[in-house]
Amino acid sequence: MTHISSTGYPQQSADGYQHHADMMRVQQHRRHDAVFDQWSQGCGVIEHTAATQLAVFELAANLEETGKINNKQECYETLIALDEIVNQGLWLVVHMTYAKNIYLDGRDLQADDFKRDPQGHTGGSLNMVPAYAAMMALNTLTGQHRDWLMGQGHCIAAVDALQLLTATALPERRRRYPLTDDGLSAFVQDFYNYRVAPDGKPASPLGSHVNVNTAGARMEGGYLGFAGLQYVHQPLPGERLVAFLSDGAFEEQRGSDWAARWWRAEDSGLVSPIMIANGRRIDQRTTVDQQGGSDWLCEHLRHQGFAPFVIDGRDPAAFVCAIYNMEQALEQAGSAVKAGGAVYPVPLPYCIAETIKGFGFPGAGTNAAHGLPLGSNPRRDRDALRFFQQGARALFQPRETWELAAARLVQPRRPIRPVAVTVNRNDPHWHHEAISPMAALDSYFVDLVEVNPQLRVRVGNPDELSSNRMNQTLDLLKHRVTTPEVGNPEAIDGCVITALNEEAVVSACLANQGGLNLVVSYEAFAAKMLGALRQALIFSRHQKEQGDPAGWLGLPVISTSHVWENGKNEQSHQDPVLAEALLGEMTDMARVVFPADANSAMTCLKACYGDLGSVWNLVVPKSVMPAVFSAQQSAQLVRDGALCVVGHCGAPLQLVACGAFQLQQALRASERLQERGVSHSLVYVLEPGRFRLPRDGYEAEVIANEEVTSSLFPHTVQARIILSHIRPEVFLGHARSLDLGPRRCVALGYVNQGGTLDSDGLLFANRCTWADALMTLARISNHKSDDWLSHEEQAAIRGEGDPYAVIRDPYPAE
C-alpha cells in the first residue's frame, strides 16, 4: 500500500489496488486542471509516475495555501519549464563528453563533429541534471535561495551545463561562452581540455570536478565521502542547504550515518540530503545495491536516526517535492522540540533517489555509463554515431522552448553575508612559569569563545579531550550528545563534536565556515584527517588564485600527545606524518608550526584566527614545559618563523631546534658548549616551511624575508646541527635554505624507532639527544668529541655503553 513517510512524501509500493486508486485520483486532477494535465504527460525522456503526480498536486496546494504562489497553475507551469530545461541540460551534458561542435538547431552531428578523445563522468552527470535543476525550480517557487553541496564532484558537467543554460553561471563564464553555436562549441571543447597556460595553470576554466569557476561551489568533491560528513554542519540558522550524495560514496567513508546525532534547529540551518542511488560504482554494483538496494538502505538509515524515503530519481518533479517536504519536516521537528513536544535527535529526512546510471541516454545502466556510455567513439564508430544521434534527438528542445523555460526559473538572490568572518582576538594571559602548553591553549580558547558569542563554535574531538588538557573547553562547551549523562560534561546543545573517527570530527569544523573552530587530536591519528584537510586547502588556494579568497577563519588542527611524549603507547602512536604531509602543501595555506612553550602556543593560536582560508597544524606538547619565550619573543617567532635563543648567529657553530622536546635537548647541548667555552648559537625554528624555496608568488609572500634568514642562518656558519620533531630528511627538504650540505649540516630527528619507551628513551632510540647533537657537531666541525663529552657519554652514543649516561633514568635509585 501507499503510505506517507515522515517527510510527507508518498511512498510507492507494489500494491496493485493502491496503484489503481492513485491513478484514479491522478485522472481526476488531470480532468479538472489543463495545466496539470499538460505537465503530467511528461517531456522528452521524462515521465511522471502516479505517486509523483500526487506529490506535485499536494505541493502546489501547500504552496498556494502558504502564499508562496498565487495559484496551483504557477507551480505546474514552473514544473513544465523544469522538464524542458532538464532535457536540454541532459542534451548539453552528452555533448560536453563527446562533441566538439554544437548546433542549436538540433541537427544530427556527423563524425567530424566529435572529439578525438571524448572524456567525462557522463552517467553520474546525467543523473545529477534533474536533481540540481529541481533545486533551482524550488528556489523559483518559494522565492528562497538554497546552497548546494555535491559529494560526487566528478558530476560537475550537470551543474555547469544547467548554470550556463539558465544564465546563473558566474559573469566571466557567461561572457566566455555565449548561448550561440560558437559559444557552446567553445564550451564543450573546453570540457576536459588538457591545454596548459603559460603560467602552468589549466587553460580551461572547466574542470573534471567541481572548481571555483562554478557558481555556488564550496568543495571539490573529488575525495568521495566528505560531503556526507560535512553537510549537516554547514548551514547556519536561517540558511538552507541541499546536499547531493552518492551511493558509491556512502560505502567510502564512515561517519555520514551519524548526521542525525548532530542537527539542532537552534544552531543549524535546514539540510536536505539526497542520495543519487544509481546502483553502480565505476565497474560494478554498489555495496548498497548488492546488500538489498533501497529497502536495505532505508532500514539501515532508520536505525541511525534518519527518516528515509524513496523517490523516482529520473523525475525532476520528484526532487522538487522531496526537498520541499524535507525542509517542512525539519522545521516542524525543530518547532516541536522548542515547544516541548519532542526531543533530540529528531528524525533527519533523507531522500533516496532511485535511478539507473546515465538515465536519459543510450548505454544507461551499464558499466560503460560511468564514463563513456556509448562504449565507442562516434567519430570512428558508425553504431556509436547512430546511438548518439538517436539519444540526442530524444533530448533536444527547440531554442525558443528552453530559453522560455530558463527565463521561468528565476533564481532569488543569495542573502548577503559578510565577505569574511570577523573575530575578536584578545591577548592571552602570558605565563612565566612551567605549564602544559595544551593547558594554556585551553584557557586561551575559552577566552576567545567568550568574547565571540556571535560565532558558532565547533570543537572536533576524536577522543580524550580531557587527557589532552582541554578541560576548561570541555566544561564550557560540552560534548554534543542525545542523552546527557549526569555528572559528565555533556549537553544536547554541546559544541564539542566527539566521535572515534578523525575524518568525521575534522569535517564538522571544515563545514563550519561561518564560525570559530578547533580540532584536537593525538598526533599519530590526526594523519587520518589529511584527505579532508587537503581537499579544503586546495579549494581555498584556488579561490585565492581566482581573486576571491575564502572568508573562513583559519582552522587550528592541534596535534598533541605527540611522537616524543607518547612512548608508552607503542610505535603506532609515534608518527609525525601529518605535519610532514602538510609541509608539502602550499605554505601560505598550510601553516605547520611547532610551539615550544605555553606563550608561543597561544601566540600561534591567535595568529591562526587572524588568518583566512588556511589550516594551521599546531604540534603542541601536553606535557609541562618550561617557559622559554616571552610575549614579545613569541610574537617575533610567529612573525619571522624563527628566533635566536642563545649566542650570536655569527658564531662558527650553530644548533637549530624545531619542536618543544628538541629545544630542551638543544638547550642542554648549548649549556655543555658554554661550559667548555665554545662559541656557538642556538636558533629555534617555529615554522620550517617559511625557510623553503618558494614554489610560486603566493608562497613567496609568506617566506621569511632575506634579512631574517641571513641574520639567523648566515653562510659563515661552519657547521650546523638541526634537531627536528619530524623526520630529518623531511625537514631538510622543506627548509632547504638552512641546508649547508652534508659535510657541514646534519639533521637529527625521528627515524622510525620506538616502542614502549618514555620520552628520553624515544630520543635516545632515534639518536637525537643532546649528546648525539654534540657528537655529530664535533665530527663535522673537526673538533674532538673528547673535549665536549665524557667517555661514558660517548660510549652511550655509540651504542656500547649505558644509555642513562646521557638520558634520564625512568627508575632512579631511591
# chains A, B, ... in the order shown; residues from 1 in each chain; ligands from 1

$ select_by_dssp --residues "range 739-787 of chain A" --states "helix (DSSP H, G or I)" --output "PyMOL selection string"
chain A and resi 759-765+770-780+785-787

$ residues_around --residues "Gln665 in chain A" --least-positions-apart "6" --cutoff "12 Å" --atoms "only C-alpha atoms" --output "mmCIF file with N, CA, C and O atoms, in the first residue's frame"
data_model
loop_
_atom_site.group_PDB
_atom_site.id
_atom_site.type_symbol
_atom_site.label_atom_id
_atom_site.label_comp_id
_atom_site.auth_asym_id
_atom_site.auth_seq_id
_atom_site.Cartn_x
_atom_site.Cartn_y
_atom_site.Cartn_z
ATOM 1 N N TRP A 564 57.001 12.466 20.715
ATOM 2 C CA TRP A 564 58.025 12.449 21.757
ATOM 3 C C TRP A 564 57.453 12.354 23.170
ATOM 4 O O TRP A 564 58.204 12.252 24.129
ATOM 5 N N ALA A 596 57.005 25.857 21.315
ATOM 6 C CA ALA A 596 57.843 25.140 22.277
ATOM 7 C C ALA A 596 57.402 25.319 23.712
ATOM 8 O O ALA A 596 57.871 24.613 24.603
ATOM 9 N N LEU A 655 73.501 25.401 16.613
ATOM 10 C CA LEU A 655 72.468 24.419 16.924
ATOM 11 C C LEU A 655 71.127 24.985 16.489
ATOM 12 O O LEU A 655 70.831 26.155 16.759
ATOM 13 N N VAL A 656 70.303 24.180 15.830
ATOM 14 C CA VAL A 656 68.961 24.584 15.395
ATOM 15 C C VAL A 656 67.976 23.565 15.943
ATOM 16 O O VAL A 656 68.197 22.350 15.803
ATOM 17 N N ALA A 657 66.924 24.050 16.579
ATOM 18 C CA ALA A 657 65.907 23.155 17.130
ATOM 19 C C ALA A 657 64.550 23.485 16.535
ATOM 20 O O ALA A 657 64.230 24.653 16.287
ATOM 21 N N CYS A 658 63.760 22.451 16.308
ATOM 22 C CA CYS A 658 62.378 22.617 15.843
ATOM 23 C C CYS A 658 61.534 21.587 16.573
ATOM 24 O O CYS A 658 61.599 20.397 16.275
ATOM 25 N N GLY A 659 60.773 22.029 17.554
ATOM 26 C CA GLY A 659 59.993 21.130 18.388
ATOM 27 C C GLY A 659 60.319 21.363 19.853
ATOM 28 O O GLY A 659 61.472 21.665 20.208
ATOM 29 N N GLU A 671 74.332 24.331 26.815
ATOM 30 C CA GLU A 671 74.935 24.501 28.145
ATOM 31 C C GLU A 671 76.303 23.836 28.217
ATOM 32 O O GLU A 671 77.262 24.379 28.778
ATOM 33 N N ARG A 672 76.438 22.659 27.637
ATOM 34 C CA ARG A 672 77.714 21.959 27.657
ATOM 35 C C ARG A 672 78.761 22.755 26.860
ATOM 36 O O ARG A 672 79.921 22.880 27.279
ATOM 37 N N LEU A 682 72.272 29.189 19.154
ATOM 38 C CA LEU A 682 71.125 28.275 19.157
ATOM 39 C C LEU A 682 69.918 29.039 18.608
ATOM 40 O O LEU A 682 69.537 30.073 19.163
ATOM 41 N N TYR A 684 65.829 28.755 17.329
ATOM 42 C CA TYR A 684 64.618 27.937 17.345
ATOM 43 C C TYR A 684 63.796 28.227 16.098
ATOM 44 O O TYR A 684 63.508 29.382 15.791
ATOM 45 N N ILE A 721 73.947 21.809 13.248
ATOM 46 C CA ILE A 721 73.208 20.609 13.638
ATOM 47 C C ILE A 721 71.752 21.001 13.863
ATOM 48 O O ILE A 721 71.460 21.964 14.584
ATOM 49 N N ILE A 722 70.833 20.240 13.259
ATOM 50 C CA ILE A 722 69.405 20.512 13.396
ATOM 51 C C ILE A 722 68.764 19.377 14.175
ATOM 52 O O ILE A 722 68.920 18.196 13.817
ATOM 53 N N LEU A 723 68.046 19.719 15.222
ATOM 54 C CA LEU A 723 67.256 18.747 15.996
ATOM 55 C C LEU A 723 65.796 18.976 15.624
ATOM 56 O O LEU A 723 65.225 20.026 15.903
ATOM 57 N N SER A 724 65.178 17.976 14.998
ATOM 58 C CA SER A 724 63.856 18.152 14.394
ATOM 59 C C SER A 724 62.813 17.239 15.017
ATOM 60 O O SER A 724 63.077 16.058 15.266
ATOM 61 N N HIS A 725 61.614 17.791 15.230
ATOM 62 C CA HIS A 725 60.481 16.977 15.687
ATOM 63 C C HIS A 725 60.126 15.921 14.654
ATOM 64 O O HIS A 725 59.738 14.802 15.003
ATOM 65 N N LEU A 748 68.995 15.756 12.783
ATOM 66 C CA LEU A 748 68.624 14.617 13.617
ATOM 67 C C LEU A 748 67.141 14.727 13.920
ATOM 68 O O LEU A 748 66.614 15.822 14.086
ATOM 69 N N GLY A 749 66.472 13.602 14.003
ATOM 70 C CA GLY A 749 65.045 13.633 14.292
ATOM 71 C C GLY A 749 64.476 12.238 14.346
ATOM 72 O O GLY A 749 65.190 11.255 14.597
ATOM 73 N N SER A 759 59.844 9.456 27.054
ATOM 74 C CA SER A 759 60.291 10.472 26.104
ATOM 75 C C SER A 759 61.794 10.424 25.893
ATOM 76 O O SER A 759 62.290 10.491 24.755
ATOM 77 N N ASP A 760 62.557 10.306 26.985
ATOM 78 C CA ASP A 760 64.013 10.247 26.851
ATOM 79 C C ASP A 760 64.442 8.990 26.100
ATOM 80 O O ASP A 760 65.389 9.021 25.305
ATOM 81 N N LEU A 763 63.956 9.630 22.429
ATOM 82 C CA LEU A 763 65.022 10.485 21.905
ATOM 83 C C LEU A 763 66.297 9.677 21.687
ATOM 84 O O LEU A 763 66.984 9.825 20.673
ATOM 85 N N PHE A 764 66.608 8.822 22.635
ATOM 86 C CA PHE A 764 67.813 8.001 22.520
ATOM 87 C C PHE A 764 67.686 7.012 21.361
ATOM 88 O O PHE A 764 68.617 6.833 20.568
ATOM 89 N N ARG A 767 68.327 8.590 18.119
ATOM 90 C CA ARG A 767 69.641 9.223 18.011
ATOM 91 C C ARG A 767 69.538 10.736 17.850
ATOM 92 O O ARG A 767 70.180 11.331 16.985
ATOM 93 N N CYS A 768 68.705 11.345 18.695
ATOM 94 C CA CYS A 768 68.585 12.800 18.618
ATOM 95 C C CYS A 768 68.564 13.426 20.018
ATOM 96 O O CYS A 768 67.823 14.355 20.284
ATOM 97 N N THR A 769 69.400 12.903 20.909
ATOM 98 C CA THR A 769 69.571 13.530 22.216
ATOM 99 C C THR A 769 70.573 14.672 22.103
ATOM 100 O O THR A 769 71.230 14.862 21.071
ATOM 101 N N TRP A 770 70.732 15.384 23.198
ATOM 102 C CA TRP A 770 71.722 16.463 23.249
ATOM 103 C C TRP A 770 73.119 15.942 22.970
ATOM 104 O O TRP A 770 73.934 16.599 22.313
ATOM 105 N N ALA A 771 73.382 14.722 23.453
ATOM 106 C CA ALA A 771 74.721 14.145 23.274
ATOM 107 C C ALA A 771 74.943 13.726 21.827
ATOM 108 O O ALA A 771 76.058 13.861 21.290
ATOM 109 N N ASP A 772 73.898 13.206 21.169
ATOM 110 C CA ASP A 772 74.017 12.897 19.746
ATOM 111 C C ASP A 772 74.326 14.159 18.960
ATOM 112 O O ASP A 772 75.136 14.141 18.021
ATOM 113 N N ALA A 773 73.671 15.254 19.337
ATOM 114 C CA ALA A 773 73.901 16.519 18.642
ATOM 115 C C ALA A 773 75.360 16.948 18.789
ATOM 116 O O ALA A 773 76.011 17.371 17.812
ATOM 117 N N LEU A 774 75.899 16.846 19.994
ATOM 118 C CA LEU A 774 77.285 17.274 20.208
ATOM 119 C C LEU A 774 78.282 16.342 19.523
ATOM 120 O O LEU A 774 79.291 16.797 18.961
ATOM 121 N N VAL A 806 73.428 9.571 29.300
ATOM 122 C CA VAL A 806 73.057 10.805 28.573
ATOM 123 C C VAL A 806 71.581 11.156 28.716
ATOM 124 O O VAL A 806 71.167 12.267 28.380
ATOM 125 N N ILE A 807 70.751 10.197 29.156
ATOM 126 C CA ILE A 807 69.328 10.498 29.347
ATOM 127 C C ILE A 807 68.913 10.167 30.762
ATOM 128 O O ILE A 807 69.647 9.503 31.511
ATOM 129 N N ARG A 808 67.736 10.619 31.129
ATOM 130 C CA ARG A 808 67.217 10.413 32.482
ATOM 131 C C ARG A 808 66.766 8.973 32.648
ATOM 132 O O ARG A 808 66.064 8.414 31.803
#

$ residues_around --residues "Gly610 in chain A" --least-positions-apart "2" --cutoff "9 Å" --atoms "only C-alpha atoms" --output "list in words"
Thr422, Val423, Arg425, Leu553, Gly554, Leu605, Lys606, Ala607, Cys608 and Leu612 of chain A

$ select_by_dssp --residues "range 296-528 of chain A" --states "strand (DSSP E or B)" --output "PyMOL selection string"
chain A and resi 306-312+348-354+435+457-461+479-480+490-491+496-498+516-522

$ write_last_selection --atoms "C-alpha atoms" --output "PDB file, in the first residue's frame"
ATOM      1  CA  PHE A 306      17.038   9.171   9.788  1.00  0.00           C
ATOM      2  CA  ALA A 307      13.613   9.323   8.189  1.00  0.00           C
ATOM      3  CA  PRO A 308      14.447   7.869   4.758  1.00  0.00           C
ATOM      4  CA  PHE A 309      12.130   7.756   1.786  1.00  0.00           C
ATOM      5  CA  VAL A 310      12.476   6.776  -1.841  1.00  0.00           C
ATOM      6  CA  ILE A 311      11.604   8.805  -4.933  1.00  0.00           C
ATOM      7  CA  ASP A 312      11.838   8.370  -8.663  1.00  0.00           C
ATOM      8  CA  LEU A 348      16.535  13.617   9.896  1.00  0.00           C
ATOM      9  CA  PRO A 349      14.822  13.371   6.499  1.00  0.00           C
ATOM     10  CA  TYR A 350      16.879  11.552   3.883  1.00  0.00           C
ATOM     11  CA  CYS A 351      15.905  11.177   0.251  1.00  0.00           C
ATOM     12  CA  ILE A 352      16.983   8.183  -1.801  1.00  0.00           C
ATOM     13  CA  ALA A 353      16.559   8.958  -5.487  1.00  0.00           C
ATOM     14  CA  GLU A 354      16.395   5.661  -7.348  1.00  0.00           C
ATOM     15  CA  ILE A 435      52.971  24.818  32.408  1.00  0.00           C
ATOM     16  CA  VAL A 457      31.670  27.150  17.858  1.00  0.00           C
ATOM     17  CA  ARG A 458      32.727  23.678  16.813  1.00  0.00           C
ATOM     18  CA  VAL A 459      35.428  21.637  18.529  1.00  0.00           C
ATOM     19  CA  GLY A 460      36.440  18.484  16.679  1.00  0.00           C
ATOM     20  CA  ASN A 461      37.426  15.793  19.154  1.00  0.00           C
ATOM     21  CA  HIS A 479      30.109  17.037  24.229  1.00  0.00           C
ATOM     22  CA  ARG A 480      27.074  17.162  21.927  1.00  0.00           C
ATOM     23  CA  GLU A 490      27.564  16.531  28.035  1.00  0.00           C
ATOM     24  CA  ALA A 491      24.664  18.518  26.635  1.00  0.00           C
ATOM     25  CA  VAL A 496      32.194  19.545  21.048  1.00  0.00           C
ATOM     26  CA  ILE A 497      31.668  17.038  18.244  1.00  0.00           C
ATOM     27  CA  THR A 498      33.119  13.814  19.602  1.00  0.00           C
ATOM     28  CA  LEU A 516      35.056  29.523  15.304  1.00  0.00           C
ATOM     29  CA  ASN A 517      36.665  26.098  15.142  1.00  0.00           C
ATOM     30  CA  LEU A 518      39.284  23.998  16.900  1.00  0.00           C
ATOM     31  CA  VAL A 519      40.419  20.423  16.273  1.00  0.00           C
ATOM     32  CA  VAL A 520      42.433  18.450  18.833  1.00  0.00           C
ATOM     33  CA  SER A 521      43.869  15.007  18.157  1.00  0.00           C
ATOM     34  CA  TYR A 522      46.643  12.609  19.007  1.00  0.00           C
TER      35      TYR A 522
END

$ atom_distance --atom1 "CA of Phe525 in chain A" --atom2 "CA of Ala227 in chain A"
21.1 Å

$ residues_around --residues "Ala434 in chain A" --least-positions-apart "5" --cutoff "7 Å" --atoms "only C-alpha atoms" --output "count of residues only"
4

$ atom_distance --atom1 "CA of Ala369 in chain A" --atom2 "CA of Cys43 in chain A"
22.5 Å

$ closest_residue --among "A:Asp493, A:Pro273, A:His154, A:Ala169" --to "Ile323 in chain A" --atoms "only C-alpha atoms"
A:Pro273

$ atom_distance --atom1 "CA of Gly754 in chain A" --atom2 "CA of Glu565 in chain A"
11.4 Å

$ residues_around --residues "Ala795 in chain A" --least-positions-apart "4" --cutoff "12 Å" --atoms "only C-alpha atoms" --output "list of chain:residue names"
A:Ala771, A:Asp772, A:Met775, A:Ser785, A:Asp786, A:Leu789, A:Ser790, A:His791, A:Gly799, A:Glu800, A:Gly801, A:Asp802, A:Pro803, A:Tyr804, A:Ala805, A:Val806

$ residues_around --residues "Ser561 in chain A" --least-positions-apart "3" --cutoff "9 Å" --atoms "only C-alpha atoms" --output "PyMOL selection string"
chain A and resi 467-468+521-524+564-566+573+620-623

$ residues_around --residues "Arg408 in chain A" --least-positions-apart "4" --cutoff "7 Å" --atoms "only C-alpha atoms" --output "list in words"
Thr78, Ala81 and Leu404 of chain A

$ write_last_selection --atoms "N, CA and C atoms" --output "PDB file, in the first residue's frame"
ATOM      1  N   THR A  78       5.817  26.073 -13.789  1.00  0.00           N
ATOM      2  CA  THR A  78       7.237  26.024 -13.443  1.00  0.00           C
ATOM      3  C   THR A  78       7.792  24.622 -13.646  1.00  0.00           C
ATOM      4  N   ALA A  81       8.399  23.954 -17.283  1.00  0.00           N
ATOM      5  CA  ALA A  81       9.683  24.556 -17.660  1.00  0.00           C
ATOM      6  C   ALA A  81      10.846  23.714 -17.142  1.00  0.00           C
ATOM      7  N   LEU A 404      12.658  30.027 -22.982  1.00  0.00           N
ATOM      8  CA  LEU A 404      11.499  30.436 -22.169  1.00  0.00           C
ATOM      9  C   LEU A 404      11.498  29.692 -20.833  1.00  0.00           C
TER      10      LEU A 404
END

$ closest_residue --among "A:Arg314, A:Arg30, A:Arg779, A:His432" --to "Pro130 in chain A" --atoms "only C-alpha atoms"
A:Arg314
